[in-house]
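Q: Contents of input.pdb (PDB, C-alpha atoms and all ligand atoms) are below:
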```pdb
ATOM      1  CA  MET A 601     -15.615 -14.986 -23.940
ATOM      2  CA  ASN A 602     -14.795 -12.670 -26.827
ATOM      3  CA  PRO A 603     -11.986 -14.147 -28.972
ATOM      4  CA  ASN A 604     -11.205 -10.683 -30.366
ATOM      5  CA  LEU A 605     -10.219  -9.365 -26.948
ATOM      6  CA  SER A 606      -7.142 -10.070 -24.829
ATOM      7  CA  ILE A 607      -7.388 -12.364 -21.807
ATOM      8  CA  TYR A 608      -6.933  -9.207 -19.729
ATOM      9  CA  ASP A 609     -10.047  -7.599 -21.210
ATOM     10  CA  ASN A 610     -11.999 -10.858 -21.190
ATOM     11  CA  LEU A 611     -11.323 -11.168 -17.469
ATOM     12  CA  GLY A 612     -12.430  -7.606 -16.829
ATOM     13  CA  GLY A 613      -9.136  -5.757 -16.442
ATOM     14  CA  ALA A 614      -7.195  -4.568 -13.407
ATOM     15  CA  GLU A 615      -9.806  -5.219 -10.750
ATOM     16  CA  THR A 616     -10.182  -8.888 -11.747
ATOM     17  CA  ILE A 617      -6.421  -9.463 -11.893
ATOM     18  CA  ARG A 618      -6.204  -8.053  -8.371
ATOM     19  CA  ARG A 619      -8.953 -10.383  -7.129
ATOM     20  CA  LEU A 620      -7.312 -13.315  -8.886
ATOM     21  CA  VAL A 621      -3.966 -12.717  -7.205
ATOM     22  CA  GLU A 622      -5.702 -12.325  -3.848
ATOM     23  CA  ALA A 623      -7.540 -15.634  -4.305
ATOM     24  CA  PHE A 624      -4.441 -17.414  -5.645
ATOM     25  CA  TYR A 625      -1.761 -16.785  -3.008
ATOM     26  CA  PRO A 626      -3.589 -18.051   0.083
ATOM     27  CA  ARG A 627      -3.929 -21.346  -1.818
ATOM     28  CA  VAL A 628      -0.274 -21.296  -2.872
ATOM     29  CA  VAL A 629       0.929 -20.636   0.678
ATOM     30  CA  ALA A 630      -1.300 -23.427   2.037
ATOM     31  CA  ASP A 631      -0.199 -25.951  -0.592
ATOM     32  CA  PRO A 632       2.141 -28.587   0.891
ATOM     33  CA  LEU A 633       4.211 -28.908  -2.311
ATOM     34  CA  ILE A 634       4.765 -25.260  -3.227
ATOM     35  CA  GLY A 635       3.888 -23.273  -0.098
ATOM     36  CA  PRO A 636       7.267 -23.909   1.591
ATOM     37  CA  LEU A 637       9.118 -22.291  -1.343
ATOM     38  CA  PHE A 638       7.583 -18.872  -0.661
ATOM     39  CA  PRO A 639       8.740 -16.199   1.814
ATOM     40  CA  ALA A 640       6.776 -15.442   5.001
ATOM     41  CA  ASP A 641       5.844 -12.017   3.658
ATOM     42  CA  ILE A 642       3.897 -12.881   0.524
ATOM     43  CA  ASN A 643       2.854  -9.287  -0.249
ATOM     44  CA  PRO A 644       5.821  -8.367  -2.498
ATOM     45  CA  VAL A 645       5.289 -11.592  -4.477
ATOM     46  CA  MET A 646       1.590 -10.770  -4.887
ATOM     47  CA  GLU A 647       2.439  -7.309  -6.176
ATOM     48  CA  LYS A 648       4.927  -8.671  -8.716
ATOM     49  CA  GLN A 649       2.468 -11.319  -9.843
ATOM     50  CA  TYR A 650      -0.236  -8.667 -10.246
ATOM     51  CA  MET A 651       2.102  -6.701 -12.504
ATOM     52  CA  PHE A 652       3.300  -9.775 -14.396
ATOM     53  CA  LEU A 653      -0.120 -11.330 -15.059
ATOM     54  CA  THR A 654      -1.445  -7.935 -16.167
ATOM     55  CA  GLN A 655       1.086  -7.823 -18.960
ATOM     56  CA  PHE A 656       1.101 -11.577 -19.650
ATOM     57  CA  PHE A 657      -2.667 -11.434 -20.261
ATOM     58  CA  GLY A 658      -2.312  -8.514 -22.654
ATOM     59  CA  GLY A 659      -2.788  -5.498 -20.366
ATOM     60  CA  PRO A 660      -0.294  -2.689 -19.692
ATOM     61  CA  SER A 661       3.383  -3.712 -19.361
ATOM     62  CA  LEU A 662       3.525  -3.030 -15.613
ATOM     63  CA  TYR A 663       6.073  -5.730 -14.796
ATOM     64  CA  SER A 664       8.642  -4.875 -17.470
ATOM     65  CA  ASP A 665       8.267  -1.161 -16.779
ATOM     66  CA  MET A 666       9.359  -1.731 -13.191
ATOM     67  CA  HIS A 667      11.533  -4.870 -13.271
ATOM     68  CA  GLY A 668      12.914  -5.055 -16.812
ATOM     69  CA  HIS A 669      12.800  -8.157 -19.006
ATOM     70  CA  PRO A 670      10.715 -10.823 -17.218
ATOM     71  CA  MET A 671      13.184 -13.718 -17.801
ATOM     72  CA  MET A 672      10.693 -15.746 -15.798
ATOM     73  CA  ARG A 673      12.338 -19.127 -16.215
ATOM     74  CA  ALA A 674      15.642 -17.692 -15.002
ATOM     75  CA  ARG A 675      13.911 -16.056 -12.032
ATOM     76  CA  HIS A 676      12.585 -19.481 -11.032
ATOM     77  CA  MET A 677      15.957 -21.236 -11.216
ATOM     78  CA  ALA A 678      16.606 -20.501  -7.553
ATOM     79  CA  PHE A 679      13.676 -22.765  -6.669
ATOM     80  CA  PRO A 680      13.360 -26.507  -7.348
ATOM     81  CA  VAL A 681      10.358 -26.558  -9.703
ATOM     82  CA  THR A 682       9.333 -30.179 -10.327
ATOM     83  CA  PRO A 683       6.558 -31.345 -12.687
ATOM     84  CA  GLU A 684       4.409 -31.991  -9.596
ATOM     85  CA  ARG A 685       4.968 -28.418  -8.416
ATOM     86  CA  ALA A 686       3.992 -27.047 -11.834
ATOM     87  CA  GLU A 687       0.735 -29.004 -11.582
ATOM     88  CA  ALA A 688       0.155 -27.788  -8.014
ATOM     89  CA  TRP A 689       0.678 -24.157  -9.130
ATOM     90  CA  LEU A 690      -1.818 -24.615 -11.968
ATOM     91  CA  ALA A 691      -4.334 -26.303  -9.651
ATOM     92  CA  CYS A 692      -4.144 -23.315  -7.262
ATOM     93  CA  MET A 693      -4.677 -20.982 -10.196
ATOM     94  CA  SER A 694      -7.628 -22.975 -11.511
ATOM     95  CA  ALA A 695      -9.285 -22.971  -8.076
ATOM     96  CA  ALA A 696      -8.652 -19.220  -7.715
ATOM     97  CA  LEU A 697     -10.227 -18.533 -11.110
ATOM     98  CA  GLU A 698     -13.246 -20.572 -10.097
ATOM     99  CA  GLU A 699     -13.461 -18.813  -6.725
ATOM    100  CA  ILE A 700     -13.633 -15.359  -8.301
ATOM    101  CA  GLY A 701     -16.295 -16.496 -10.772
ATOM    102  CA  VAL A 702     -14.387 -16.892 -14.041
ATOM    103  CA  ASP A 703     -16.546 -19.340 -15.983
ATOM    104  CA  GLU A 704     -15.799 -21.801 -18.753
ATOM    105  CA  PRO A 705     -14.562 -21.623 -21.448
ATOM    106  CA  LEU A 706     -12.453 -18.659 -20.282
ATOM    107  CA  ARG A 707     -11.156 -20.495 -17.199
ATOM    108  CA  SER A 708      -9.724 -23.399 -19.231
ATOM    109  CA  PHE A 709      -8.328 -20.979 -21.791
ATOM    110  CA  VAL A 710      -6.454 -19.069 -19.085
ATOM    111  CA  ILE A 711      -5.104 -22.300 -17.564
ATOM    112  CA  GLN A 712      -4.009 -23.521 -20.980
ATOM    113  CA  ARG A 713      -2.197 -20.226 -21.534
ATOM    114  CA  LEU A 714      -0.380 -20.576 -18.176
ATOM    115  CA  SER A 715       0.328 -24.269 -18.557
ATOM    116  CA  GLY A 716       3.105 -23.695 -21.129
ATOM    117  CA  PRO A 717       5.154 -21.381 -18.897
ATOM    118  CA  ALA A 718       4.485 -23.491 -15.780
ATOM    119  CA  HIS A 719       5.940 -26.604 -17.414
ATOM    120  CA  HIS A 720       8.694 -24.583 -19.046
ATOM    121  CA  PHE A 721       9.834 -23.447 -15.571
ATOM    122  CA  VAL A 722      10.393 -27.066 -14.488
ATOM    123  CA  ASN A 723      14.088 -27.279 -13.655
ATOM    124  CA  THR A 724      14.173 -30.338 -11.357
ATOM    125  CA  GLU A 725      12.816 -33.710 -12.444
ATOM    126  CA  SER A 726      12.920 -35.282  -9.011
ATOM    127  CA  SER A 727       9.517 -36.298  -7.715
ATOM    128  CA  THR A 728      10.802 -36.821  -4.202
ATOM    129  CA  ASN A 729      10.319 -34.438  -1.331
ATOM    130  CA  ASP A 730      12.639 -31.587  -2.275
TER
HETATM  131  C1  LIG B   1       5.578 -23.967 -12.037
HETATM  132  C2  LIG B   1       5.389 -23.799 -10.748
HETATM  133  C3  LIG B   1       5.825 -22.515 -10.070
HETATM  134  C4  LIG B   1       6.443 -22.442  -8.872
HETATM  135  C5  LIG B   1       6.775 -23.600  -7.955
HETATM  136  C6  LIG B   1       6.721 -21.044  -8.621
HETATM  137  C7  LIG B   1       7.355 -20.546  -7.506
HETATM  138  C8  LIG B   1       7.797 -19.252  -7.348
HETATM  139  C9  LIG B   1       8.620 -18.779  -6.266
HETATM  140  C10 LIG B   1       9.122 -19.646  -5.128
HETATM  141  C11 LIG B   1       8.828 -17.480  -6.465
HETATM  142  C12 LIG B   1       9.718 -16.535  -5.628
HETATM  143  C13 LIG B   1       9.063 -15.926  -4.455
HETATM  144  C14 LIG B   1      10.080 -15.004  -3.803
HETATM  145  O1  LIG B   1      10.189 -13.840  -4.209
HETATM  146  O2  LIG B   1      10.792 -15.464  -2.901
HETATM  147  C15 LIG B   1       8.137 -17.104  -7.670
HETATM  148  C16 LIG B   1       8.120 -15.834  -8.199
HETATM  149  C17 LIG B   1       7.365 -15.470  -9.270
HETATM  150  N1  LIG B   1       6.620 -16.304 -10.064
HETATM  151 FE1  LIG B   1       6.466 -18.276  -9.886
HETATM  152  N2  LIG B   1       6.265 -20.305  -9.669
HETATM  153  C18 LIG B   1       5.710 -21.158 -10.582
HETATM  154  C19 LIG B   1       5.125 -20.821 -11.785
HETATM  155  C20 LIG B   1       4.903 -19.536 -12.201
HETATM  156  C21 LIG B   1       4.179 -19.168 -13.380
HETATM  157  C22 LIG B   1       3.526 -20.167 -14.347
HETATM  158  C23 LIG B   1       4.193 -17.813 -13.450
HETATM  159  C24 LIG B   1       3.577 -16.912 -14.467
HETATM  160  C25 LIG B   1       3.289 -17.276 -15.695
HETATM  161  C26 LIG B   1       4.941 -17.331 -12.319
HETATM  162  C27 LIG B   1       5.207 -16.009 -12.033
HETATM  163  C28 LIG B   1       6.005 -15.550 -11.026
HETATM  164  C29 LIG B   1       6.357 -14.153 -10.829
HETATM  165  C30 LIG B   1       5.887 -12.976 -11.683
HETATM  166  C31 LIG B   1       7.205 -14.103  -9.728
HETATM  167  C32 LIG B   1       7.907 -12.862  -9.155
HETATM  168  C33 LIG B   1       9.226 -12.713  -9.913
HETATM  169  C34 LIG B   1      10.100 -11.595  -9.379
HETATM  170  O3  LIG B   1      10.752 -11.791  -8.350
HETATM  171  O4  LIG B   1      10.122 -10.528  -9.985
HETATM  172  N3  LIG B   1       5.360 -18.402 -11.569
HETATM  173  N4  LIG B   1       7.515 -18.200  -8.187
END
```
What's the structure tokens form of this structure?

A:
Amino acid sequence: MNPNLSIYDNLGGAETIRRLVEAFYPRVVADPLIGPLFPADINPVMEKQYMFLTQFFGGPSLYSDMHGHPMMRARHMAFPVTPERAEAWLACMSAALEEIGVDEPLRSFVIQRLSGPAHHFVNTESSTND
């Protein structure tokens, strides 16, 4: 891991972000806590996430160029994001990073970087079944 480079470049650029998204969403869809929140056709979500993570990790601003200001917390308000769901999302991401061969310390660094937004998107405290 080179601390002088962006996460995007540390990961290896576009091809790695693509592989990450492709490893991440099958886990998301299969997850009992967060899977049910997602639409049957996951492809548009994967494409948006590819664009968003590219720019979030310091690559080209693909998401904003196409969709405008990310306003990611607002975009998640339609979905009941509980603390447990934030953890489930991060666990899927951690497993996907491991699956595609992103080693420590980069893997933990990426998860740490995503952990802030994930918990910031929590909009429902209930830990029941909703
Ligand atoms: C905290 C737990 C999270 C849950 C439960 C969650 C769930 C969702 C759901 C249900 C959607 C909408 C799918 C649809 O289009 O119907 C979505 C969209 C999206 N999420 Fe999350 N998400 C979480 C965290 C995150 C994080 C941490 C990021 C990135 C840092 C992220 C990035 C995105 C993006 C880029 C989209 C597409 C937004 C758009 O429509 O343009 N999500 N998420």

Q: Could you pull out the residues sitting within 9 Å of ligand LIG 1 (chain B), using all atoms listed in the file, and write them as JSON, numbers by chain?

A: {"A": [628, 633, 634, 635, 636, 637, 638, 639, 640, 641, 642, 644, 645, 646, 647, 648, 649, 650, 651, 652, 653, 656, 663, 667, 670, 671, 672, 673, 675, 676, 678, 679, 680, 681, 682, 683, 684, 685, 686, 687, 688, 689, 690, 713, 714, 715, 716, 717, 718, 719, 720, 721, 722]}

Q: Could you save those same residues with C-alpha atoms as a compact mmCIF listing (two decimals), keeping the file's coordinate frame?

A:
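Written out: again.txt:
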```txt
# COMPACT_ATOMS: atom_id res chain seq x y z
CA VAL A 628 -0.27 -21.30 -2.87
CA LEU A 633 4.21 -28.91 -2.31
CA ILE A 634 4.76 -25.26 -3.23
CA GLY A 635 3.89 -23.27 -0.10
CA PRO A 636 7.27 -23.91 1.59
CA LEU A 637 9.12 -22.29 -1.34
CA PHE A 638 7.58 -18.87 -0.66
CA PRO A 639 8.74 -16.20 1.81
CA ALA A 640 6.78 -15.44 5.00
CA ASP A 641 5.84 -12.02 3.66
CA ILE A 642 3.90 -12.88 0.52
CA PRO A 644 5.82 -8.37 -2.50
CA VAL A 645 5.29 -11.59 -4.48
CA MET A 646 1.59 -10.77 -4.89
CA GLU A 647 2.44 -7.31 -6.18
CA LYS A 648 4.93 -8.67 -8.72
CA GLN A 649 2.47 -11.32 -9.84
CA TYR A 650 -0.24 -8.67 -10.25
CA MET A 651 2.10 -6.70 -12.50
CA PHE A 652 3.30 -9.78 -14.40
CA LEU A 653 -0.12 -11.33 -15.06
CA PHE A 656 1.10 -11.58 -19.65
CA TYR A 663 6.07 -5.73 -14.80
CA HIS A 667 11.53 -4.87 -13.27
CA PRO A 670 10.72 -10.82 -17.22
CA MET A 671 13.18 -13.72 -17.80
CA MET A 672 10.69 -15.75 -15.80
CA ARG A 673 12.34 -19.13 -16.22
CA ARG A 675 13.91 -16.06 -12.03
CA HIS A 676 12.58 -19.48 -11.03
CA ALA A 678 16.61 -20.50 -7.55
CA PHE A 679 13.68 -22.76 -6.67
CA PRO A 680 13.36 -26.51 -7.35
CA VAL A 681 10.36 -26.56 -9.70
CA THR A 682 9.33 -30.18 -10.33
CA PRO A 683 6.56 -31.34 -12.69
CA GLU A 684 4.41 -31.99 -9.60
CA ARG A 685 4.97 -28.42 -8.42
CA ALA A 686 3.99 -27.05 -11.83
CA GLU A 687 0.74 -29.00 -11.58
CA ALA A 688 0.16 -27.79 -8.01
CA TRP A 689 0.68 -24.16 -9.13
CA LEU A 690 -1.82 -24.62 -11.97
CA ARG A 713 -2.20 -20.23 -21.53
CA LEU A 714 -0.38 -20.58 -18.18
CA SER A 715 0.33 -24.27 -18.56
CA GLY A 716 3.10 -23.70 -21.13
CA PRO A 717 5.15 -21.38 -18.90
CA ALA A 718 4.49 -23.49 -15.78
CA HIS A 719 5.94 -26.60 -17.41
CA HIS A 720 8.69 -24.58 -19.05
CA PHE A 721 9.83 -23.45 -15.57
CA VAL A 722 10.39 -27.07 -14.49
```

Q: Which neighbours of stretch 695-707 of chain A fall inside 9 Å, counting all atoms listed in the file, when residues of the same chain fewer than 6 positions from it are skipped, and could you give them as a JSON list (two decimals) with C-alpha atoms, in the coordinates of the input?

A:
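Output file around.json follows:
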```json
[["chain", "number", "residue", "atom", "x", "y", "z"],
["A", 601, "MET", "CA", -15.62, -14.99, -23.94],
["A", 607, "ILE", "CA", -7.39, -12.36, -21.81],
["A", 610, "ASN", "CA", -12.00, -10.86, -21.19],
["A", 611, "LEU", "CA", -11.32, -11.17, -17.47],
["A", 616, "THR", "CA", -10.18, -8.89, -11.75],
["A", 619, "ARG", "CA", -8.95, -10.38, -7.13],
["A", 620, "LEU", "CA", -7.31, -13.32, -8.89],
["A", 621, "VAL", "CA", -3.97, -12.72, -7.20],
["A", 622, "GLU", "CA", -5.70, -12.32, -3.85],
["A", 623, "ALA", "CA", -7.54, -15.63, -4.30],
["A", 624, "PHE", "CA", -4.44, -17.41, -5.64],
["A", 625, "TYR", "CA", -1.76, -16.78, -3.01],
["A", 627, "ARG", "CA", -3.93, -21.35, -1.82]]
```

Q: Give the padded box for stretch 694-705 of chain A as AutoDock Vina command-line options: axis-aligned, covering all atoms listed in the file, 3 Å on each side, centre and edge lengths in Å to one decimal.

A:
```
--center_x -12.1 --center_y -19.2 --center_z -14.1 --size_x 14.9 --size_y 13.6 --size_z 20.7
```

Q: Would you mind reading off the distance between atom CA of A:Tyr608 and atom CA of A:Met677, one decimal, in Å?

A: 27.2 Å

Q: One decimal, in Å: what's the spacing between atom CA of A:Gly659 and atom CA of A:Ile617?

A: 10.0 Å

Q: Taking only C-alpha atoms into account, which of A:Gly612, A:Pro603, A:His669, A:Cys692 comes nearest A:Val629?

A: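 Ranking A:Gly612, A:Pro603, A:His669, A:Cys692 by distance to A:Val629, first place goes to A:Cys692.
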
Q: A:Pro626, A:Thr654, A:Met693, A:Val710: which is nearest A:Ala614, counting all atoms listed in the file?

A: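 That would be A:Thr654, the residue with the smallest distance to A:Ala614.
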
Q: Between atom CA of A:Asp665 and atom CA of A:Ala691, measure the distance and give it in Å to one decimal.

A: 29.0 Å

Q: Please determine, counting only C-alpha atoms, which residue among A:Asn643, A:Asn604, A:Gln712, A:Thr724 has the shortest atom-to-atom distance to A:Gly658.

A: A:Asn604
